[in-house]
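Trainee: File name upload.tsv; file contents TSV, C-alpha atoms; full text below.
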```tsv
chain	number	residue	atom	x	y	z
A	1175	MET	CA	-21.51	-18.67	8.54
A	1176	ILE	CA	-18.97	-16.16	9.75
A	1177	PRO	CA	-20.41	-13.37	11.90
A	1178	LEU	CA	-19.77	-9.81	10.73
A	1179	GLY	CA	-17.66	-9.08	13.81
A	1180	TYR	CA	-14.86	-11.36	12.63
A	1181	PHE	CA	-14.40	-9.40	9.41
A	1182	LEU	CA	-14.53	-6.09	11.28
A	1183	GLY	CA	-12.01	-7.38	13.82
A	1184	PHE	CA	-9.67	-8.51	11.07
A	1185	GLY	CA	-9.95	-5.11	9.40
A	1186	VAL	CA	-9.24	-3.29	12.66
A	1187	LEU	CA	-6.17	-5.47	13.36
A	1188	LEU	CA	-4.83	-4.88	9.85
A	1189	PHE	CA	-5.42	-1.13	10.16
A	1190	ALA	CA	-3.70	-1.02	13.56
A	1191	LEU	CA	-0.67	-2.83	12.13
A	1192	GLY	CA	-0.52	-0.30	9.29
A	1193	LEU	CA	-0.84	2.59	11.75
A	1194	TYR	CA	1.95	1.13	13.86
A	1195	GLY	CA	4.10	0.82	10.74
A	1196	VAL	CA	3.52	4.44	9.67
A	1197	LEU	CA	4.45	5.63	13.17
A	1198	THR	CA	7.63	3.57	13.56
A	1199	GLN	CA	9.22	3.50	10.11
A	1200	ARG	CA	11.73	6.11	9.02
A	1201	SER	CA	12.04	4.94	5.41
A	1202	ALA	CA	9.51	6.58	3.11
A	1203	ILE	CA	8.95	3.40	1.07
A	1204	ARG	CA	8.08	1.50	4.26
A	1205	MET	CA	5.54	4.20	5.12
A	1206	VAL	CA	3.91	3.83	1.70
A	1207	MET	CA	3.64	0.08	2.31
A	1208	ALA	CA	2.01	0.63	5.71
A	1209	ILE	CA	-0.47	3.08	4.16
A	1210	GLU	CA	-1.39	0.41	1.61
A	1211	LEU	CA	-2.17	-1.97	4.48
A	1212	MET	CA	-4.49	0.64	6.00
A	1213	LEU	CA	-6.30	1.21	2.69
A	1214	ASN	CA	-6.81	-2.55	2.40
A	1215	ALA	CA	-8.35	-2.63	5.88
A	1216	ALA	CA	-10.77	0.12	4.82
A	1217	ASN	CA	-11.77	-1.92	1.74
A	1218	ILE	CA	-12.51	-4.95	3.93
A	1219	ASN	CA	-14.92	-2.82	5.94
A	1220	PHE	CA	-16.69	-1.52	2.82
A	1221	LEU	CA	-17.23	-5.03	1.49
A	1222	ALA	CA	-18.16	-6.56	4.85
A	1223	PHE	CA	-20.84	-3.93	5.46
A	1224	THR	CA	-22.14	-4.34	1.91
A	1225	ARG	CA	-22.40	-8.10	2.37
A	1226	TYR	CA	-24.06	-8.04	5.78
A	1227	LEU	CA	-26.07	-4.81	6.04
A	1228	TYR	CA	-26.79	-3.58	2.48
A	1229	PRO	CA	-26.72	-6.66	0.24
A	1230	ASP	CA	-28.61	-4.94	-2.61
A	1231	ASP	CA	-26.54	-1.77	-2.75
A	1232	PRO	CA	-23.56	-1.69	-5.15
A	1233	ARG	CA	-22.17	1.52	-3.62
A	1234	GLY	CA	-19.85	-0.31	-1.20
A	1235	ALA	CA	-18.13	-2.15	-4.04
A	1236	ILE	CA	-17.89	1.10	-6.04
A	1237	TRP	CA	-16.23	2.81	-3.08
A	1238	ALA	CA	-13.76	-0.06	-2.82
A	1239	ILE	CA	-12.92	0.29	-6.52
A	1240	PHE	CA	-12.28	4.02	-6.10
A	1241	VAL	CA	-10.11	3.36	-3.04
A	1242	MET	CA	-8.02	0.99	-5.16
A	1243	THR	CA	-7.76	3.59	-7.94
A	1244	VAL	CA	-6.59	6.27	-5.54
A	1245	ALA	CA	-4.15	3.82	-3.92
A	1246	ALA	CA	-2.60	3.03	-7.29
A	1247	ALA	CA	-2.26	6.73	-8.16
A	1248	GLU	CA	-0.85	7.49	-4.72
A	1249	VAL	CA	1.79	4.77	-4.99
A	1250	ALA	CA	2.87	5.92	-8.45
A	1251	VAL	CA	3.26	9.58	-7.48
A	1252	GLY	CA	4.63	8.77	-4.02
A	1253	LEU	CA	7.35	6.52	-5.35
A	1254	ALA	CA	8.31	9.10	-8.00
A	1255	VAL	CA	8.71	11.67	-5.20
A	1256	ILE	CA	10.75	9.19	-3.14
A	1257	LEU	CA	12.92	8.48	-6.20
A	1258	VAL	CA	13.66	12.19	-6.66
A	1259	LEU	CA	14.39	12.50	-2.92
A	1260	SER	CA	16.79	9.56	-3.04
A	1261	ARG	CA	18.57	11.01	-6.10
A	1262	ARG	CA	19.04	14.48	-4.61
A	1263	ARG	CA	19.77	13.49	-0.98
A	1264	GLN	CA	21.04	9.92	-1.18
A	1265	THR	CA	18.48	9.13	1.51
A	1266	ILE	CA	14.80	8.27	1.81
A	1267	ASP	CA	14.65	8.98	5.52
A	1268	VAL	CA	11.58	11.16	6.01
A	1269	ASP	CA	13.41	13.06	8.77
A	1270	ALA	CA	15.98	14.22	6.20
A	1271	ALA	CA	13.47	16.26	4.18
A	1272	GLU	CA	12.83	19.14	6.58
A	1273	GLU	CA	13.41	22.36	4.65
A	1274	MET	CA	9.78	23.42	4.77
A	1275	LYS	CA	9.43	22.63	8.46
A	1276	HIS	CA	10.61	26.00	9.75
B	111	MET	CA	-16.38	-25.30	13.43
B	112	SER	CA	-17.39	-24.98	9.84
B	113	THR	CA	-14.98	-25.10	6.93
B	114	THR	CA	-15.70	-21.48	6.02
B	115	LEU	CA	-14.68	-20.37	9.48
B	116	LEU	CA	-11.47	-22.41	9.29
B	117	VAL	CA	-10.64	-20.87	5.91
B	118	PHE	CA	-11.35	-17.43	7.31
B	119	PHE	CA	-9.03	-17.96	10.27
B	120	ALA	CA	-6.26	-19.36	8.05
B	121	LEU	CA	-6.49	-16.40	5.64
B	122	ALA	CA	-6.66	-13.88	8.48
B	123	ALA	CA	-3.64	-15.46	10.20
B	124	ILE	CA	-1.61	-15.41	6.97
B	125	SER	CA	-2.53	-11.79	6.24
B	126	LEU	CA	-1.85	-10.54	9.75
B	127	LEU	CA	1.47	-12.40	9.99
B	128	ALA	CA	2.49	-10.95	6.62
B	129	ALA	CA	1.38	-7.45	7.69
B	130	TRP	CA	3.40	-7.81	10.89
B	131	ARG	CA	6.46	-8.77	8.86
B	132	VAL	CA	5.89	-5.75	6.57
B	133	VAL	CA	6.36	-3.37	9.48
B	134	THR	CA	9.14	-5.30	11.27
B	135	ASP	CA	11.30	-7.11	8.69
B	136	PRO	CA	14.80	-5.56	8.67
B	137	GLN	CA	15.19	-6.19	4.91
B	138	ILE	CA	12.95	-3.78	3.00
B	139	MET	CA	12.86	-6.08	-0.05
B	140	HIS	CA	11.46	-8.88	2.11
B	141	ALA	CA	8.95	-6.44	3.55
B	142	GLY	CA	7.73	-5.68	0.01
B	143	LEU	CA	7.29	-9.38	-0.74
B	144	TRP	CA	5.47	-9.94	2.57
B	145	MET	CA	3.16	-7.11	1.55
B	146	GLY	CA	2.31	-9.04	-1.62
B	147	LEU	CA	1.44	-12.09	0.49
B	148	CYS	CA	-0.74	-9.97	2.74
B	149	PHE	CA	-2.65	-8.66	-0.29
B	150	VAL	CA	-3.23	-12.22	-1.52
B	151	GLY	CA	-4.67	-13.10	1.91
B	152	VAL	CA	-6.96	-10.08	1.79
B	153	ALA	CA	-8.11	-11.15	-1.70
B	154	GLY	CA	-9.09	-14.49	-0.13
B	155	ILE	CA	-11.07	-12.62	2.52
B	156	PHE	CA	-12.85	-10.73	-0.28
B	157	LEU	CA	-13.78	-14.09	-1.82
B	158	LEU	CA	-15.25	-15.18	1.52
B	159	LEU	CA	-17.33	-11.99	1.42
B	160	THR	CA	-18.57	-13.20	-2.02
B	161	ALA	CA	-16.98	-10.17	-3.71
B	162	GLU	CA	-15.42	-12.09	-6.59
B	163	PHE	CA	-14.87	-9.05	-8.78
B	164	LEU	CA	-13.12	-7.12	-6.03
B	165	ALA	CA	-10.95	-10.16	-5.23
B	166	GLY	CA	-9.83	-10.27	-8.87
B	167	VAL	CA	-9.17	-6.53	-8.92
B	168	GLN	CA	-7.28	-6.87	-5.63
B	169	ILE	CA	-4.97	-9.48	-7.15
B	170	LEU	CA	-4.52	-7.50	-10.37
B	171	VAL	CA	-4.02	-4.05	-8.87
B	172	TYR	CA	-2.45	-4.67	-5.47
B	173	VAL	CA	-0.45	-7.85	-6.03
B	174	GLY	CA	0.27	-7.31	-9.70
B	175	ALA	CA	0.82	-3.56	-9.91
B	176	ILE	CA	1.38	-1.92	-6.53
B	177	THR	CA	3.73	-4.56	-5.11
B	178	THR	CA	5.72	-4.52	-8.36
B	179	ILE	CA	5.94	-0.72	-8.36
B	180	ILE	CA	7.11	-0.70	-4.74
B	181	LEU	CA	9.75	-3.35	-5.46
B	182	PHE	CA	10.89	-1.25	-8.43
B	183	GLY	CA	11.03	1.79	-6.17
B	184	ILE	CA	13.19	-0.13	-3.68
B	185	MET	CA	15.57	-1.24	-6.41
B	186	LEU	CA	15.81	2.20	-8.03
B	187	SER	CA	16.45	4.20	-4.85
B	188	ASP	CA	19.77	2.67	-3.97
B	189	VAL	CA	20.36	4.32	-0.60
B	190	GLU	CA	21.26	3.24	2.89
B	191	GLU	CA	17.70	2.80	4.14
B	192	VAL	CA	17.19	0.16	1.50
B	193	GLN	CA	19.94	-1.82	3.15
B	194	PRO	CA	19.08	-3.71	6.33
B	195	GLN	CA	18.28	-1.08	8.90
B	196	GLU	CA	18.44	-0.83	12.61
B	197	PRO	CA	15.35	-2.04	14.45
B	198	PRO	CA	12.47	0.40	14.82
B	199	PHE	CA	12.54	2.84	17.73
B	200	TYR	CA	16.28	3.53	17.59
B	201	ARG	CA	15.51	7.17	16.83
B	202	PHE	CA	13.13	7.35	19.77
B	203	ARG	CA	15.75	5.80	22.03
B	204	ARG	CA	18.45	8.18	20.87
B	205	ARG	CA	16.25	11.21	21.28
B	206	PHE	CA	14.60	10.45	24.60
B	207	GLY	CA	16.69	7.76	26.20
B	208	ARG	CA	13.70	6.51	28.11
B	209	TRP	CA	12.58	2.93	28.11
B	210	TRP	CA	8.89	3.73	27.75
B	211	GLN	CA	9.22	6.06	24.76
B	212	PRO	CA	9.59	3.28	22.16
B	213	ALA	CA	6.22	2.03	23.28
B	214	LEU	CA	4.47	5.21	22.13
B	215	PRO	CA	3.53	4.05	18.59
B	216	LEU	CA	2.48	0.73	20.05
B	217	LEU	CA	0.31	2.59	22.54
B	218	VAL	CA	-1.35	4.67	19.81
B	219	ALA	CA	-2.08	1.59	17.71
B	220	ALA	CA	-3.40	-0.31	20.73
B	221	ALA	CA	-5.60	2.62	21.80
B	222	PHE	CA	-7.02	2.76	18.29
B	223	LEU	CA	-7.63	-0.99	18.39
B	224	VAL	CA	-9.45	-0.85	21.72
B	225	ALA	CA	-11.50	2.19	20.70
B	226	LEU	CA	-12.72	0.61	17.46
B	227	PHE	CA	-13.47	-2.74	19.10
B	228	THR	CA	-15.51	-0.90	21.74
B	229	ILE	CA	-17.43	1.06	19.10
B	230	TYR	CA	-18.12	-2.05	17.02
B	231	GLY	CA	-19.17	-3.93	20.13
B	232	GLN	CA	-21.64	-1.23	21.12
B	233	ALA	CA	-23.11	-1.09	17.63
B	234	GLY	CA	-24.19	-4.71	18.02
B	235	TRP	CA	-22.77	-5.85	14.70
B	236	SER	CA	-20.56	-8.58	16.04
B	237	ASP	CA	-22.97	-11.51	15.76
B	238	LEU	CA	-24.77	-10.35	12.65
B	239	GLN	CA	-25.34	-13.02	10.01
B	240	PRO	CA	-25.67	-12.23	6.30
B	241	VAL	CA	-29.13	-11.79	4.85
B	242	GLY	CA	-30.28	-14.35	2.33
B	243	PRO	CA	-28.60	-17.59	1.25
B	244	ALA	CA	-25.06	-17.91	2.58
B	245	ALA	CA	-23.09	-18.90	-0.50
B	246	SER	CA	-24.76	-16.77	-3.17
B	247	THR	CA	-23.52	-13.34	-4.23
B	248	PRO	CA	-25.85	-10.55	-3.07
B	249	ALA	CA	-27.16	-8.15	-5.70
B	250	GLY	CA	-24.87	-5.37	-4.52
B	251	LEU	CA	-21.70	-7.38	-5.16
B	252	ASP	CA	-22.87	-8.94	-8.40
B	253	ILE	CA	-20.53	-8.09	-11.29
B	254	PRO	CA	-23.32	-6.90	-13.68
B	255	ALA	CA	-24.76	-4.73	-10.89
B	256	ILE	CA	-21.35	-3.14	-10.23
B	257	GLY	CA	-20.87	-2.57	-13.96
B	258	HIS	CA	-24.30	-0.99	-14.41
B	259	ALA	CA	-23.77	1.28	-11.42
B	260	LEU	CA	-20.24	2.24	-12.50
B	261	PHE	CA	-21.30	3.21	-16.00
B	262	GLY	CA	-24.79	4.44	-15.06
B	263	PRO	CA	-25.25	6.74	-12.06
B	264	TYR	CA	-21.53	6.75	-11.22
B	265	ALA	CA	-20.18	7.34	-14.73
B	266	LEU	CA	-18.85	10.80	-13.90
B	267	PRO	CA	-16.80	9.65	-10.86
B	268	ALA	CA	-15.49	6.76	-12.96
B	269	GLU	CA	-14.34	9.20	-15.64
B	270	ALA	CA	-12.79	11.40	-12.96
B	271	ALA	CA	-10.92	8.36	-11.63
B	272	SER	CA	-9.57	7.62	-15.09
B	273	VAL	CA	-8.41	11.24	-15.44
B	274	LEU	CA	-6.80	10.91	-11.99
B	275	LEU	CA	-4.94	7.79	-13.09
B	276	LEU	CA	-3.77	9.47	-16.29
B	277	SER	CA	-2.53	12.55	-14.46
B	278	ALA	CA	-0.83	10.38	-11.83
B	279	LEU	CA	0.90	8.46	-14.63
B	280	LEU	CA	2.12	11.65	-16.32
B	281	GLY	CA	3.02	13.28	-13.00
B	282	ALA	CA	5.06	10.28	-11.88
B	283	LEU	CA	6.79	10.22	-15.28
B	284	VAL	CA	7.72	13.92	-15.15
B	285	LEU	CA	8.78	13.73	-11.49
B	286	ALA	CA	10.99	10.69	-11.96
B	287	MET	CA	12.57	11.96	-15.18
B	288	ARG	CA	16.26	12.85	-15.07
B	289	GLU	CA	17.13	16.55	-15.38
B	290	GLU	CA	18.94	15.91	-18.67
B	291	THR	CA	15.90	14.33	-20.28
B	292	LEU	CA	13.68	17.15	-19.05
B	293	ARG	CA	16.04	19.70	-20.62
B	294	VAL	CA	15.79	17.91	-23.95
B	295	PHE	CA	12.01	18.08	-23.80
B	296	ARG	CA	12.06	21.78	-22.94
B	297	GLY	CA	14.54	22.41	-25.77
B	298	SER	CA	16.69	24.76	-23.69
B	299	PRO	CA	19.90	26.03	-25.40
B	300	GLY	CA	22.13	24.50	-22.73
B	301	SER	CA	21.51	21.05	-24.06
B	302	SER	CA	23.30	19.74	-27.10
B	303	ARG	CA	21.66	16.39	-26.80
B	304	VAL	CA	19.13	15.43	-29.45
B	305	LEU	CA	16.23	13.30	-28.37
B	306	GLN	CA	16.66	9.88	-29.91
B	307	PRO	CA	15.50	6.50	-28.85
B	308	GLY	CA	17.55	5.72	-25.77
B	309	SER	CA	18.91	9.24	-25.26
B	310	GLY	CA	17.12	9.39	-21.92
B	311	MET	CA	19.26	6.46	-20.91
B	312	ALA	CA	22.46	8.23	-22.03
B	313	GLY	CA	22.15	10.73	-19.20
B	314	ARG	CA	21.55	7.89	-16.87
B	315	GLU	CA	24.75	6.13	-17.83
B	316	VAL	CA	26.85	9.19	-16.98
B	317	ASN	CA	25.50	9.24	-13.47
B	318	ALA	CA	25.18	5.53	-13.12
B	319	GLY	CA	28.86	4.97	-13.76
B	320	GLU	CA	29.74	6.76	-10.56
B	321	THR	CA	26.97	5.98	-8.14
B	322	ASP	CA	24.83	3.06	-9.15
B	323	HIS	CA	27.33	0.31	-9.74
B	324	PRO	CA	29.19	0.39	-6.40
B	325	GLY	CA	25.83	0.44	-4.68
B	326	GLN	CA	24.70	-2.61	-6.57
B	327	ASP	CA	27.83	-4.43	-5.54
B	328	GLU	CA	27.10	-3.57	-1.93
B	329	LYS	CA	23.59	-4.85	-2.31
B	330	LYS	CA	24.85	-8.14	-3.68
B	331	GLU	CA	27.18	-8.51	-0.74
B	332	VAL	CA	24.34	-7.84	1.66
B	333	GLY	CA	22.12	-10.30	-0.18
B	334	ALA	CA	24.82	-12.94	-0.02
B	335	GLY	CA	25.47	-12.28	3.64
B	336	THR	CA	21.96	-12.95	4.80
```
Starting from the coordinates I provided, produce the structure as structure tokens.

Mentor:
Amino acid sequence: MIPLGYFLGFGVLLFALGLYGVLTQRSAIRMVMAIELMLNAANINFLAFTRYLYPDDPRGAIWAIFVMTVAAAEVAVGLAVILVLSRRRQTIDVDAAEEMKH
Amino acid sequence: MSTTLLVFFALAAISLLAAWRVVTDPQIMHAGLWMGLCFVGVAGIFLLLTAEFLAGVQILVYVGAITTIILFGIMLSDVEEVQPQEPPFYRFRRRFGRWWQPALPLLVAAAFLVALFTIYGQAGWSDLQPVGPAASTPAGLDIPAIGHALFGPYALPAEAASVLLLSALLGALVLAMREETLRVFRGSPGSSRVLQPGSGMAGREVNAGETDHPGQDEKKEVGAGT
């Protein structure tokens, strides 16, 4: 059988790739994609811990379902915001939306 | 090496390669498709964890819905960033002009990686084997157990999640609506347009005639060039 550490390591690698993506990308759609990768890594951890440490507890799976729900809602609203940004500015560069910075 | 371990390594390699391409591919459309592949790999990992229901939901929600929405978003926002872009870090280079500055995000990600591996190592979880028979689904990941929990003790959060999804749907609709369509809904006197089937599209055609079509031609050229 696969030891728990392999799943945790895979989750950490996936999360680090997503973090790297969020930090390097300048296109808002790319950032949304990288955030999705990070949410997936979190789900892997929930399910791995459920399988290995709390096999009789359905709460891990329920958390994973809620994470997926929130991810779907986040993508829908986020892409609508990006669409409005692209229509008004002709750009989806996150550095271009800076009115509220000062 | 057992077959399960081989399958795990194959799935993990596919997912990580796809995730790497998501953050580095110069074509954003390709990045979206790589993201779909990565989600399929993660669904396979869920199957290895005997979470069949979550693997199905992963395919349905992430591969079926989220990847499609993101590809739609790419196609609808026809702007320069959607075209092949310069490699990452160019902004860092322009701003700082130092060779080590591009490595900053890499450094943050690597520090995070090392920190979590250290924490996991100290917790002593790395060699843990699952309790009970290897191939059978534990009670916590059983589909009836999830269903009973979701509609028993966790019914209120489930309802809240459905309200969240509904409000996200309506919010996205209102946000993405064209100004003309919104004016029709508000019934303001400035609008002579009557809401008919397809009248939301009429406003779109006015704008689309000037901006959308040249952009689409450009996109085709780019697609043909690569």

Trainee: Show me, as number ranges by chain, the residues that have an atom within 8 Å of Val1255 (chain A) when counting only C-alpha atoms, minus same-chain residues fewer than 2 positions from it.

Mentor: A: 1251-1253, 1257-1259; B: 282, 285-286

Trainee: Output the selection as a tab-separated table (two decimals), in the coordinates of the input - C-alpha atoms for each residue.

Mentor:
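File written: again08.tsv
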```tsv
chain	number	residue	atom	x	y	z
A	1251	VAL	CA	3.26	9.58	-7.48
A	1252	GLY	CA	4.63	8.77	-4.02
A	1253	LEU	CA	7.35	6.52	-5.35
A	1257	LEU	CA	12.92	8.48	-6.20
A	1258	VAL	CA	13.66	12.19	-6.66
A	1259	LEU	CA	14.39	12.50	-2.92
B	282	ALA	CA	5.06	10.28	-11.88
B	285	LEU	CA	8.78	13.73	-11.49
B	286	ALA	CA	10.99	10.69	-11.96
```

Trainee: If we count only C-alpha atoms, which residues of chain B reach to within 7 Å of chain A? Please list them as a ChimeraX atom specification.

Mentor: /B:114-115,122,126,129-130,133,159,176,183,187,189-191,198-199,215-216,219,222-223,235-241,244,248-251,255-256,259-260,271,275,278-279,281-282,285-286

Trainee: Using Å and a single decimal, report how far CA of Leu266 (chain B) sits from CA of Val171 (chain B).

Mentor: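 Between these atoms lies a distance of 21.6 Å.
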
Trainee: Taking only C-alpha atoms into account, name the residue in B:Val273, B:Ala123, B:Leu164, B:Ile229 that is nearest to Leu147 (chain B).

Mentor: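 Using only C-alpha atoms, Leu147 (chain B) sits closest to B:Ala123.
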